[in-house]
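Everything on this sheet refers to the single structure shown next.
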Amino acid sequence: MTARELIEKQLEESGYQFNACLKDLTEENFEAKPVAVMMSLKEIVEHCMEACQAVITGVAGGKHDWGTFQAPALPMTQLIEHFNILRGQAVSAGLSKFDDEAHWLSDYLVLHETYHVGQMVAIRLTLDESWNFYSIYRH
């Protein structure tokens, strides 16, 4: 397996797990903050959208100004769709420079998303103890 094949597999898996945490979620729980010091699921999605934008900007040679990203004001389902579109653009951009700048995809997407998946699982379980946390895995 090449490094590119590995990152593609990791991107697929981190994206799957991220979206699995959002499956069958209510709008109310999307915006809930059951742990006051943690982001809501909505805020995590918006934050990860900013990471995607940082990849796109960075790969193009720019420097992302953290904290300036404004996610569109959309209902939950549309915001998640928008995240996935932006993520797809970030993946394409990152793969275009992968041989020289692998850190964009490794650091900003794979590692960053899996970090937030752990938070999202904790939030989902706090909101609903019966939620099946094994549902984030395909295997």
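By convention in this document, the chains of the structure tokens carry letters A, B, ... by their order, each chain's residues are numbered from 1, and ligands are numbered from 1 in the order they are shown.
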
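Near range 102-117 of chain A, within 7 Å and counting only C-alpha atoms, sit A:Gln10, A:Leu11, A:Ser14, A:Gln17, A:Phe18, A:Ala51, A:Val55, A:Val91, A:Gly94; same-chain residues fewer than 5 positions away were not included.
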
Just C-alpha atoms for this one: save the residues we selected as a PDB file, in the first residue's frame.
```
ATOM      1  CA  GLN A  10      -8.029   6.990   6.268  1.00  0.00           C
ATOM      2  CA  LEU A  11      -9.975   9.892   4.739  1.00  0.00           C
ATOM      3  CA  SER A  14     -12.689   9.397   9.189  1.00  0.00           C
ATOM      4  CA  GLN A  17     -17.162   7.966  11.326  1.00  0.00           C
ATOM      5  CA  PHE A  18     -17.785  11.719  11.384  1.00  0.00           C
ATOM      6  CA  ALA A  51     -10.470  23.140   8.760  1.00  0.00           C
ATOM      7  CA  VAL A  55      -6.771  23.018   3.584  1.00  0.00           C
ATOM      8  CA  VAL A  91      -9.744  16.237  -0.122  1.00  0.00           C
ATOM      9  CA  GLY A  94      -5.023  18.026  -0.632  1.00  0.00           C
TER      10      GLY A  94
END
```

List every residue of chain A that DSSP, applied to the backbone of this structure, assigns to alpha helix (DSSP H), and report them as a PyMOL selection string.
chain A and resi 3-20+27-31+41-59+76-96+103-105+112-127

Residues as selected, C-alpha atoms, written as a compact mmCIF listing (two decimals), in the first residue's frame, can you do that?
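Saved result, selection.txt, follows:
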```txt
# COMPACT_ATOMS: atom_id res chain seq x y z
CA ALA A 3 1.13 6.47 1.32
CA ARG A 4 -1.49 7.93 -1.00
CA GLU A 5 -3.61 4.78 -0.83
CA LEU A 6 -3.31 4.83 2.96
CA ILE A 7 -4.41 8.47 3.29
CA GLU A 8 -7.31 7.83 0.91
CA LYS A 9 -8.44 4.92 3.11
CA GLN A 10 -8.03 6.99 6.27
CA LEU A 11 -9.98 9.89 4.74
CA GLU A 12 -12.78 7.54 3.79
CA GLU A 13 -12.90 6.09 7.29
CA SER A 14 -12.69 9.40 9.19
CA GLY A 15 -15.41 10.83 6.96
CA TYR A 16 -17.58 7.79 7.55
CA GLN A 17 -17.16 7.97 11.33
CA PHE A 18 -17.79 11.72 11.38
CA ASN A 19 -21.02 11.35 9.44
CA ALA A 20 -22.09 8.30 11.46
CA GLU A 27 -32.12 19.43 15.09
CA GLU A 28 -32.53 19.96 18.84
CA ASN A 29 -29.69 17.55 19.68
CA PHE A 30 -27.56 19.00 16.86
CA GLU A 31 -27.52 22.33 18.68
CA LEU A 41 -22.37 18.91 17.31
CA LYS A 42 -23.32 21.86 15.10
CA GLU A 43 -20.31 23.84 16.30
CA ILE A 44 -18.05 20.85 15.62
CA VAL A 45 -19.39 20.59 12.06
CA GLU A 46 -18.81 24.32 11.54
CA HIS A 47 -15.33 24.08 13.06
CA CYS A 48 -14.43 21.16 10.79
CA MET A 49 -15.75 23.15 7.84
CA GLU A 50 -13.20 25.80 8.75
CA ALA A 51 -10.47 23.14 8.76
CA CYS A 52 -11.57 22.13 5.26
CA GLN A 53 -11.35 25.75 4.15
CA ALA A 54 -7.88 25.98 5.71
CA VAL A 55 -6.77 23.02 3.58
CA ILE A 56 -8.16 24.58 0.40
CA THR A 57 -6.54 27.92 1.20
CA GLY A 58 -3.23 26.38 2.29
CA VAL A 59 -2.89 24.09 -0.72
CA MET A 76 -28.99 20.77 10.06
CA THR A 77 -29.37 18.48 7.03
CA GLN A 78 -28.27 21.15 4.57
CA LEU A 79 -25.35 22.22 6.77
CA ILE A 80 -24.11 18.63 6.94
CA GLU A 81 -24.46 18.35 3.15
CA HIS A 82 -22.50 21.59 2.78
CA PHE A 83 -19.80 20.22 5.10
CA ASN A 84 -19.48 17.10 2.95
CA ILE A 85 -19.21 19.15 -0.25
CA LEU A 86 -16.55 21.41 1.28
CA ARG A 87 -14.73 18.36 2.65
CA GLY A 88 -14.74 16.80 -0.82
CA GLN A 89 -13.16 19.97 -2.19
CA ALA A 90 -10.53 19.90 0.57
CA VAL A 91 -9.74 16.24 -0.12
CA SER A 92 -9.34 16.95 -3.84
CA ALA A 93 -7.13 19.95 -3.14
CA GLY A 94 -5.02 18.03 -0.63
CA LEU A 95 -4.60 15.04 -2.94
CA SER A 96 -3.41 17.38 -5.70
CA HIS A 103 0.25 17.27 6.19
CA TRP A 104 -2.83 19.03 4.85
CA LEU A 105 -4.84 15.82 4.67
CA HIS A 112 -8.53 16.40 13.30
CA GLU A 113 -11.76 14.62 12.38
CA THR A 114 -11.01 11.52 14.42
CA TYR A 115 -10.25 13.73 17.41
CA HIS A 116 -13.68 15.31 17.04
CA VAL A 117 -15.36 11.94 16.46
CA GLY A 118 -14.45 11.06 20.04
CA GLN A 119 -16.10 14.25 21.26
CA MET A 120 -19.14 13.65 19.08
CA VAL A 121 -19.57 10.12 20.46
CA ALA A 122 -19.42 11.48 24.01
CA ILE A 123 -22.01 14.14 23.18
CA ARG A 124 -24.34 11.65 21.48
CA LEU A 125 -24.12 9.29 24.47
CA THR A 126 -24.73 12.13 26.89
CA LEU A 127 -27.84 13.12 24.94
```

One decimal, in Å: what's the spacing between CA of Met1 in chain A and CA of Tyr134 in chain A?
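Those two atoms sit 27.1 Å apart.
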
Calculate how many Å separate CA of Asp24 in chain A from CA of Met38 in chain A, rounding to one decimal.
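Between these atoms lies a distance of 20.9 Å.
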